[in-house]
Amino acid sequence: MYITAASTISHQPTFKNAGFSKLIEPLKTDSELISPNFKDYIDAGLLRRMSKILRMSVTAAKDCLQQAGVDQPGAIIVGTGLGCLQDTEKFLNNFLTIEGLLPPTSFIQSTHNTIAGQISLSIGNHGYNMTHTQNTLSFEHALIDAGLLLVEGNDNIIVGAADEYIEILGEIGEKLSANPAINLTSGASFFVVSKDQSGNSIAKIKDVVTVGLVQDINVSIENFLTNNTLEESEIDLVLYSDFVDSGLVSDVVKRFENSSEAINYTNLVGIYPSNSSFALHYAADRIQNNNKIKTVLIINGLNRINLGLTLIQSIEA
Amino acid sequence: MSVRITGIGIVSAIGLNVAENLFSLKNSKSGIGRIQYLDQNGDYLVGEVKSSNQELVSRVGVKSQPISRTSLLGLAAAREAWGENKHSSGLRTGIISATSVGGMDQTEHFYRDFLDHNNPDFQVLKCHDSGNTTERIAAELGISGYINTLSTACSSGANAIMLGARLIEQGRLDRVLVGGTDALTQFTLNGFRSLMIYDDQWCRPFDESRSGLNLGEGAAFLLMENDKSVDFSGNKTLCCLTGWANAADAYHQTASSPDGKGATMAIQNAIQVSGLSALDISYINAHGTGTKNNDLSESVALLNIFGDNCPDFSSTKPFTGHTLAAAGAIEAVFSVLAIQNGIIFPNLNYSEAITETGLVPITEFQSDQPVTSVLSNSFGFGGNNSSLVFSVNNS
């Protein structure tokens, strides 16, 4: 599977900023979403009703199509850990506090598949339309689905992930987390993926695996490398996230220390359940800007019980 | 295409297992009635599972709390579908569930307390996210590895079944539990009320006088296996999933297109994948929610595909209520039962055909029918349309 376009809206200057991976510094705790001019992508009437997650997603998806020069993608596949939180909370508020007739918009837009649905509506796409929501592995599951579709003959697929921060998450995080200093953010990363390599290809996604209720991270990584006939020393860059600084994953990353650069991408983009989609864009951007980086491994350990592994390779000339 | 189905499990308003559901279907016994369990004022008609959370907890034997009603329902159905199957390190086993509300049944209580500053229990939010619903079921069944959740509103359950079949076809899994689960919540009940499509009377799918849906709750799971897995398990094949397709209507966020474009594409493509022709379909388990818009759009799609030769069809939602993300899975189990037993289910509460299309559903229970292939439709918000084809096992 080849990435032919990538677009990210996040708390970093990622949007329409190729080479961002060289520039960005670890995220500060008071950061905010860097919003592009959404009106350039979304009709003003629609935009007014759209929550943050919908604006980010439709814009990033449309940017991808422009980059790839694709009018109609073969399918639209979205991963989201928590879905449309802003509209969900708004409708909770409405029906718990309003007597009588309720405005329906926030209910309509609260379902997880509003994201993929709005992308299909905004471009009039009738293809396969899917939404995966497996908390921290939502994006990896979307990628696996895209891989299946490419084998089935579909092509030029939009695949991406998004999650939005709402204020109550901060309070919930403090109550439920051992570490109150977690940096919760919003983000959306979308891609166009294709079956065959072309002049537009940025990078190749060699393999994606999810391990739900993971038992031994080390064993899972070893199996993944073996299945891809790779040695640890052949990985040039390891991008990882760790469960609220538990150190579980950073211990595992030590095995790559001698040969690879290792970066905790959650420090760059903040915490949201689908932030491994940012890592994929970051990996592709690094590969494009440094011809020494040929093989990148993403180790998604944001949630203690789930492991996502993604292998990205540079395009061979 | 052909993927074996070797196990089924179901919990709905008309029964807590497959046998009870079959009994109710055979006896035209609806499970829809006034609210008994949901904490909601008003005299709404709902298809509740006739068990409190406490009864469900002891029924499925879970110890750790909090757990959502959505997980409890899902676990009950998944356990029945899994049956006595054994784990094996040589088989890659996965689970794909579908849910639209996830742990909302717990979250909405939390949020009321939160607004009232009434000592809200933040711990219940651990089971809010949809993925957690599935992880809880997987953990109880001892399944790890490929654990996934789909959420595409009312077509979610059908999509979980389709994804499972594709993973088996491409050799990514040897067996997979697929299905969906949704608890009844104040959130969804008030949501459909806000859309003005909640019927205060019995829902009347495909009837000219239809004026909305009745919500239900429940869960259903199916076990799918490849040859290697069947060699290990020795399970009998109940029937096969032979066709599947998903298409976007791309017409409106909630309404279906008047020309039934997305629905037509889903049905047509699913039949094509099955290798059958439209004439081979013996029975259609329709989406048939009872809303003005869905039933008209679906009827137009049926006419687009079948013309004057529309097979026997019915909506079983007057039995169960509309169970949202579980609907596609519950109706998949009904489709399996139709093939297994040679039966066709009645479309309750019907009296007069929709003027524009004139299609007449089956209104009486039919037995001794040659049911060889069943088409099951599931259409959701965001124009998400999915169709599945189930066929007798010919191998």
# chains A, B, ... in the order shown; residues from 1 in each chain; ligands from 1
>>> residues_around(residues="Val209 (chain A)", least_positions_apart="5", cutoff="10 Å", atoms="only C-alpha atoms", output="PyMOL selection string")
(chain A and resi 137+140-141+143-144+220-221+224+307-311) or (chain B and resi 145-146)
>>> closest_residue(among="A:Tyr128, A:Tyr2, A:Phe278, A:Phe15", to="chain B", atoms="only C-alpha atoms")
A:Tyr128
>>> residues_around(residues="Asn190 (chain B)", least_positions_apart="2", cutoff="10 Å", atoms="only C-alpha atoms", output="compact mmCIF listing (two decimals) with C-alpha atoms, in the first residue's frame")
# COMPACT_ATOMS: atom_id res chain seq x y z
CA PHE A 91 -27.00 16.64 22.94
CA LEU A 92 -26.55 15.22 26.45
CA ASN A 94 -29.91 19.42 25.58
CA PHE A 95 -32.02 16.45 26.52
CA LEU A 96 -31.10 16.61 30.20
CA LEU A 101 -38.91 19.98 21.65
CA LEU A 102 -35.22 19.30 21.17
CA PRO A 104 -31.85 17.48 16.41
CA PHE A 107 -27.89 14.24 17.86
CA GLN B 40 -36.89 7.77 31.28
CA THR B 185 -30.54 4.79 26.18
CA GLN B 186 -32.20 8.09 26.97
CA PHE B 187 -29.70 9.56 24.52
CA THR B 188 -30.99 7.64 21.50
CA PHE B 192 -35.02 9.99 17.54
CA ARG B 193 -37.74 12.03 19.22
CA SER B 194 -35.85 15.20 18.28
CA LEU B 195 -35.89 14.00 14.66
CA MET B 196 -39.67 13.59 14.89
CA TYR B 198 -40.34 8.23 17.05
>>> closest_residue(among="A:Thr266, A:Ala284, A:Thr136, A:Ile157", to="Asn306 (chain A)", atoms="only C-alpha atoms")
A:Thr136
>>> closest_residue(among="B:Leu177, B:Val336, B:Ala98, B:Ala286", to="Ala81 (chain B)", atoms="only C-alpha atoms")
B:Leu177
>>> residues_around(residues="Ser277 (chain B)", least_positions_apart="4", cutoff="12 Å", atoms="only C-alpha atoms", output="PyMOL selection string")
chain B and resi 243+267-273+281-282+305-306+373+375+389
>>> write_last_selection(atoms="all heavy atoms", output="mmCIF file, in the first residue's frame")
data_model
loop_
_atom_site.group_PDB
_atom_site.id
_atom_site.type_symbol
_atom_site.label_atom_id
_atom_site.label_comp_id
_atom_site.auth_asym_id
_atom_site.auth_seq_id
_atom_site.Cartn_x
_atom_site.Cartn_y
_atom_site.Cartn_z
ATOM 1 N N GLY B 243 -22.659 -13.073 0.147
ATOM 2 C CA GLY B 243 -22.569 -11.767 -0.495
ATOM 3 C C GLY B 243 -22.562 -10.646 0.523
ATOM 4 O O GLY B 243 -23.152 -10.774 1.604
ATOM 5 N N ILE B 267 -27.490 -3.396 -2.436
ATOM 6 C CA ILE B 267 -28.187 -4.653 -2.737
ATOM 7 C C ILE B 267 -27.589 -5.307 -3.989
ATOM 8 O O ILE B 267 -27.251 -6.497 -4.004
ATOM 9 C CB ILE B 267 -29.704 -4.403 -2.944
ATOM 10 C CG1 ILE B 267 -30.344 -3.873 -1.655
ATOM 11 C CG2 ILE B 267 -30.402 -5.680 -3.409
ATOM 12 C CD1 ILE B 267 -31.774 -3.371 -1.839
ATOM 13 N N GLN B 268 -27.441 -4.480 -5.030
ATOM 14 C CA GLN B 268 -26.935 -4.990 -6.302
ATOM 15 C C GLN B 268 -25.529 -5.594 -6.145
ATOM 16 O O GLN B 268 -25.255 -6.701 -6.606
ATOM 17 C CB GLN B 268 -26.866 -3.822 -7.283
ATOM 18 C CG GLN B 268 -26.708 -4.212 -8.715
ATOM 19 C CD GLN B 268 -27.153 -3.053 -9.616
ATOM 20 O OE1 GLN B 268 -26.964 -1.880 -9.282
ATOM 21 N NE2 GLN B 268 -27.772 -3.373 -10.724
ATOM 22 N N ASN B 269 -24.662 -4.859 -5.459
ATOM 23 C CA ASN B 269 -23.288 -5.338 -5.297
ATOM 24 C C ASN B 269 -23.213 -6.581 -4.414
ATOM 25 O O ASN B 269 -22.407 -7.476 -4.666
ATOM 26 C CB ASN B 269 -22.398 -4.228 -4.733
ATOM 27 C CG ASN B 269 -22.257 -3.065 -5.702
ATOM 28 O OD1 ASN B 269 -22.538 -3.200 -6.890
ATOM 29 N ND2 ASN B 269 -21.856 -1.911 -5.198
ATOM 30 N N ALA B 270 -24.059 -6.639 -3.387
ATOM 31 C CA ALA B 270 -24.044 -7.815 -2.510
ATOM 32 C C ALA B 270 -24.472 -9.058 -3.287
ATOM 33 O O ALA B 270 -23.873 -10.134 -3.156
ATOM 34 C CB ALA B 270 -24.957 -7.597 -1.298
ATOM 35 N N ILE B 271 -25.504 -8.915 -4.098
ATOM 36 C CA ILE B 271 -25.963 -10.060 -4.900
ATOM 37 C C ILE B 271 -24.877 -10.465 -5.892
ATOM 38 O O ILE B 271 -24.600 -11.647 -6.097
ATOM 39 C CB ILE B 271 -27.297 -9.736 -5.615
ATOM 40 C CG1 ILE B 271 -28.413 -9.567 -4.575
ATOM 41 C CG2 ILE B 271 -27.667 -10.840 -6.603
ATOM 42 C CD1 ILE B 271 -29.755 -9.122 -5.136
ATOM 43 N N GLN B 272 -24.213 -9.463 -6.452
ATOM 44 C CA GLN B 272 -23.136 -9.755 -7.407
ATOM 45 C C GLN B 272 -21.994 -10.519 -6.733
ATOM 46 O O GLN B 272 -21.483 -11.502 -7.282
ATOM 47 C CB GLN B 272 -22.631 -8.444 -7.995
ATOM 48 C CG GLN B 272 -21.781 -8.654 -9.236
ATOM 49 C CD GLN B 272 -21.180 -7.338 -9.715
ATOM 50 O OE1 GLN B 272 -21.658 -6.258 -9.368
ATOM 51 N NE2 GLN B 272 -20.129 -7.446 -10.495
ATOM 52 N N VAL B 273 -21.603 -10.088 -5.540
ATOM 53 C CA VAL B 273 -20.527 -10.780 -4.816
ATOM 54 C C VAL B 273 -20.922 -12.232 -4.546
ATOM 55 O O VAL B 273 -20.093 -13.146 -4.599
ATOM 56 C CB VAL B 273 -20.201 -10.044 -3.488
ATOM 57 C CG1 VAL B 273 -19.308 -10.882 -2.586
ATOM 58 C CG2 VAL B 273 -19.540 -8.692 -3.774
ATOM 59 N N ILE B 281 -32.936 -15.014 -4.842
ATOM 60 C CA ILE B 281 -33.216 -14.586 -3.463
ATOM 61 C C ILE B 281 -34.608 -15.089 -3.059
ATOM 62 O O ILE B 281 -35.612 -14.782 -3.706
ATOM 63 C CB ILE B 281 -33.162 -13.043 -3.342
ATOM 64 C CG1 ILE B 281 -31.783 -12.504 -3.778
ATOM 65 C CG2 ILE B 281 -33.511 -12.598 -1.922
ATOM 66 C CD1 ILE B 281 -30.620 -12.938 -2.926
ATOM 67 N N SER B 282 -34.669 -15.883 -1.969
ATOM 68 C CA SER B 282 -35.959 -16.437 -1.542
ATOM 69 C C SER B 282 -36.703 -15.502 -0.593
ATOM 70 O O SER B 282 -37.925 -15.523 -0.522
ATOM 71 C CB SER B 282 -35.776 -17.766 -0.798
ATOM 72 O OG SER B 282 -34.592 -18.407 -1.106
ATOM 73 N N ILE B 305 -34.171 -3.134 -8.156
ATOM 74 C CA ILE B 305 -33.437 -4.388 -8.320
ATOM 75 C C ILE B 305 -34.337 -5.507 -8.850
ATOM 76 O O ILE B 305 -33.966 -6.248 -9.746
ATOM 77 C CB ILE B 305 -32.834 -4.863 -6.971
ATOM 78 C CG1 ILE B 305 -31.873 -3.815 -6.402
ATOM 79 C CG2 ILE B 305 -32.164 -6.235 -7.106
ATOM 80 C CD1 ILE B 305 -30.576 -3.674 -7.139
ATOM 81 N N PHE B 306 -35.510 -5.634 -8.251
ATOM 82 C CA PHE B 306 -36.324 -6.828 -8.511
ATOM 83 C C PHE B 306 -37.484 -6.580 -9.477
ATOM 84 O O PHE B 306 -38.130 -7.536 -9.926
ATOM 85 C CB PHE B 306 -36.868 -7.395 -7.192
ATOM 86 C CG PHE B 306 -35.784 -7.847 -6.243
ATOM 87 C CD1 PHE B 306 -35.400 -7.063 -5.167
ATOM 88 C CD2 PHE B 306 -35.127 -9.058 -6.452
ATOM 89 C CE1 PHE B 306 -34.399 -7.481 -4.298
ATOM 90 C CE2 PHE B 306 -34.118 -9.482 -5.586
ATOM 91 C CZ PHE B 306 -33.752 -8.684 -4.509
ATOM 92 N N SER B 373 -31.700 -18.604 -0.160
ATOM 93 C CA SER B 373 -30.857 -17.415 -0.025
ATOM 94 C C SER B 373 -31.669 -16.255 0.529
ATOM 95 O O SER B 373 -32.796 -16.020 0.095
ATOM 96 C CB SER B 373 -30.275 -17.008 -1.380
ATOM 97 O OG SER B 373 -29.235 -17.889 -1.732
ATOM 98 N N LEU B 375 -31.595 -12.123 1.577
ATOM 99 C CA LEU B 375 -30.950 -10.809 1.520
ATOM 100 C C LEU B 375 -31.332 -10.042 2.781
ATOM 101 O O LEU B 375 -32.507 -9.993 3.142
ATOM 102 C CB LEU B 375 -31.459 -10.050 0.279
ATOM 103 C CG LEU B 375 -31.046 -8.582 0.147
ATOM 104 C CD1 LEU B 375 -29.587 -8.468 -0.274
ATOM 105 C CD2 LEU B 375 -31.947 -7.867 -0.872
ATOM 106 N N VAL B 389 -25.895 -11.256 1.900
ATOM 107 C CA VAL B 389 -26.638 -12.391 1.345
ATOM 108 C C VAL B 389 -26.201 -13.660 2.088
ATOM 109 O O VAL B 389 -25.002 -13.949 2.184
ATOM 110 C CB VAL B 389 -26.393 -12.573 -0.168
ATOM 111 C CG1 VAL B 389 -27.153 -13.791 -0.689
ATOM 112 C CG2 VAL B 389 -26.798 -11.316 -0.939
#
>>> interface_residues(of="chain B", to="chain A", cutoff="6 Å", atoms="only C-alpha atoms", output="number ranges by chain")
B: 131, 144-152, 191, 194-195, 246-250, 382
>>> residues_around(residues="Cys127 (chain B)", least_positions_apart="3", cutoff="9 Å", atoms="only C-alpha atoms", output="VMD selection string")
chain B and resid 66 to 68 71 102 to 104 106 to 107 123 to 124 130 to 133 136
>>> select_by_dssp(residues="region 186-314 of chain A", states="alpha helix (DSSP H)", output="number ranges by chain")
A: 217-227, 248-253, 266-269, 276-289
>>> select_by_dssp(residues="region 83-300 of chain A", states="strand (DSSP E)", output="number ranges by chain")
A: 128-132, 157-163, 187-194, 203-212, 237-241, 261-264, 295-300
>>> closest_residue(among="A:Asp251, A:Glu32, A:Asp196, A:Glu257", to="Asn218 (chain A)", atoms="only C-alpha atoms")
A:Asp251
>>> residues_around(residues="region 220-236 of chain B", least_positions_apart="6", cutoff="9 Å", atoms="only C-alpha atoms", output="PyMOL selection string")
chain B and resi 3-12+73-74+76-82+85-86+88+91-92+97+157+161+164-165+168-169+171+173-181+326-333
>>> residues_around(residues="Leu215 (chain B)", least_positions_apart="6", cutoff="10 Å", atoms="only C-alpha atoms", output="PyMOL selection string")
chain B and resi 32+44-48+183-185+188-189+192+198-199+203+289+317-318+320-324
>>> closest_residue(among="B:Leu238, B:Glu352, B:Phe319, B:Arg172", to="Ala338 (chain B)", atoms="only C-alpha atoms")
B:Leu238
>>> closest_residue(among="A:Ile263, A:Asn223, A:Ser277, A:Thr14", to="Ser250 (chain A)", atoms="only C-alpha atoms")
A:Ile263
